[in-house]
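Reading through the structure tokens given below for one structure.
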Amino acid sequence: MPQPYVAGTGTTDDPWQLNTPPGGSTYTAFRDGGANPPALVVRVGTTELRYHLRCIEDLHAWLRAQGDWVPLGNADEQKPAADGTVEAWGRAANNPVGGWYGLKKGLRGRFGNYVPPVLEALGLAEVEHNARNNRMRAL
């Protein structure tokens with residue numbers, strides 16, 4: 001089920017106003033189709049993270065193939081991601097981009113924290129919003 005209220009349309013001038021799955025932090029995200037490569041831009045305070053824009057469709061397709069809930073597994077780039085999580089898939093050599101969806105070295109992690117709420121806002125996935133150990137599944 002989509003987040004109860006998501007402000008913004010996901011453009012540079014009107015980014016989505018989102019919450020991390022546990023609800024402790026807010027951030028903005030928008031599509032930058034003109035970037036090379038096209039990017040999903042996430043801004044957390046003054047920090048900007050960029051992921052391949054295709055991560056939205058690719059993650060949705062992967063979740064559909066899983067057929068059930070998948071743990072998010074949020075982790076910084078410098079830390080290993082738990083096997084079987086969204087975070088691990090977002091950096092796996094066998095995903096559609098052949099590795100990291102994150103585009104900015106040093107800030108390529110946290111895929112499992114910032115991308116799932118985008119899919120939820122688009123009505124593509126359901127995301128749990130517990131204090132810890134959240135999961136998601138395709139809609």
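Labels used: A, B, ... for chains in the order of the structure tokens, numbers from 1 for residues in each chain, and numbers from 1 for ligands as shown.
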Distance query region 49-66 of chain A at most 6 Å, only C-alpha atoms, self and fewer than 4 positions along chain excluded, as a list in words: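 The residues that qualify are Pro38, Ala39, Leu40, Val41, Val42, Tyr101, Gly102, Leu103, Arg137 and Ala138 of chain A.
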Using only C-alpha atoms, tabulate the residues of region 5-75 of chain A lying at most 8 Å from any atom of region 113-120 of chain A, each with its closest atom pair and that distance in Å to one decimal, by chain and increasing residue number, as JSON lines.
```
{"residue": "A:Leu18", "atom": "CA", "partner": "A:Pro117", "partner_atom": "CA", "distance": 6.8}
{"residue": "A:Asn19", "atom": "CA", "partner": "A:Pro117", "partner_atom": "CA", "distance": 7.2}
{"residue": "A:Thr20", "atom": "CA", "partner": "A:Asn113", "partner_atom": "CA", "distance": 6.1}
{"residue": "A:Pro21", "atom": "CA", "partner": "A:Asn113", "partner_atom": "CA", "distance": 6.7}
{"residue": "A:Ala29", "atom": "CA", "partner": "A:Val118", "partner_atom": "CA", "distance": 7.7}
{"residue": "A:Val42", "atom": "CA", "partner": "A:Tyr114", "partner_atom": "CA", "distance": 7.3}
{"residue": "A:Ile56", "atom": "CA", "partner": "A:Leu119", "partner_atom": "CA", "distance": 6.5}
{"residue": "A:His60", "atom": "CA", "partner": "A:Leu119", "partner_atom": "CA", "distance": 7.5}
{"residue": "A:Leu72", "atom": "CA", "partner": "A:Asn113", "partner_atom": "CA", "distance": 7.1}
{"residue": "A:Gly73", "atom": "CA", "partner": "A:Asn113", "partner_atom": "CA", "distance": 7.9}
{"residue": "A:Asn74", "atom": "CA", "partner": "A:Asn113", "partner_atom": "CA", "distance": 5.3}
```
Selection from above, N, CA and C atoms, as an mmCIF file, in the first residue's frame, can you write it?
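Heads up, here's the output in part.cif:
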```cif
data_model
loop_
_atom_site.group_PDB
_atom_site.id
_atom_site.type_symbol
_atom_site.label_atom_id
_atom_site.label_comp_id
_atom_site.auth_asym_id
_atom_site.auth_seq_id
_atom_site.Cartn_x
_atom_site.Cartn_y
_atom_site.Cartn_z
ATOM 1 N N LEU A 18 9.856 12.117 0.997
ATOM 2 C CA LEU A 18 9.705 10.749 1.476
ATOM 3 C C LEU A 18 10.258 10.567 2.884
ATOM 4 N N ASN A 19 9.880 9.456 3.485
ATOM 5 C CA ASN A 19 10.411 9.041 4.783
ATOM 6 C C ASN A 19 11.128 7.713 4.600
ATOM 7 N N THR A 20 12.217 7.519 5.344
ATOM 8 C CA THR A 20 12.869 6.217 5.341
ATOM 9 C C THR A 20 11.892 5.194 5.910
ATOM 10 N N PRO A 21 12.072 3.918 5.598
ATOM 11 C CA PRO A 21 11.112 2.916 6.073
ATOM 12 C C PRO A 21 10.827 2.951 7.582
ATOM 13 N N ALA A 29 13.549 12.897 -3.354
ATOM 14 C CA ALA A 29 14.031 12.097 -4.471
ATOM 15 C C ALA A 29 13.337 12.572 -5.745
ATOM 16 N N VAL A 42 18.697 11.256 -4.857
ATOM 17 C CA VAL A 42 18.204 11.266 -3.482
ATOM 18 C C VAL A 42 18.996 12.314 -2.715
ATOM 19 N N ILE A 56 14.330 1.563 -10.510
ATOM 20 C CA ILE A 56 12.906 1.502 -10.169
ATOM 21 C C ILE A 56 12.256 0.303 -10.861
ATOM 22 N N HIS A 60 11.492 -3.513 -9.164
ATOM 23 C CA HIS A 60 10.112 -4.002 -9.212
ATOM 24 C C HIS A 60 10.057 -5.379 -9.872
ATOM 25 N N LEU A 72 14.851 -5.551 3.584
ATOM 26 C CA LEU A 72 15.530 -4.405 2.962
ATOM 27 C C LEU A 72 17.040 -4.486 3.126
ATOM 28 N N GLY A 73 17.518 -4.726 4.340
ATOM 29 C CA GLY A 73 18.958 -4.904 4.553
ATOM 30 C C GLY A 73 19.804 -3.670 4.327
ATOM 31 N N ASN A 74 19.359 -2.526 4.744
ATOM 32 C CA ASN A 74 20.072 -1.263 4.595
ATOM 33 C C ASN A 74 21.515 -1.333 5.109
#
```
Residues within 9 Å of Trp89 (chain A), only C-alpha atoms, excluding chain neighbours under 6 positions, as a PyMOL selection string: chain A and resi 59+62+81+83+95+99-100
Shell around Pro71 (chain A) at 8 Å using only C-alpha atoms, local window under 4 positions removed, as number ranges by chain: A: 84-86, 133-136
Which of A:Ala92, A:Leu122, A:Val70, A:Val97 sits closest to Gly109 (chain A) [using only C-alpha atoms]: A:Ala92
Straight-line distance linking CA of Val127 (chain A) with CA of Val6 (chain A), stated in Å to one decimal: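 Taking CA of Val127 (chain A) and CA of Val6 (chain A), their separation equals 13.8 Å.
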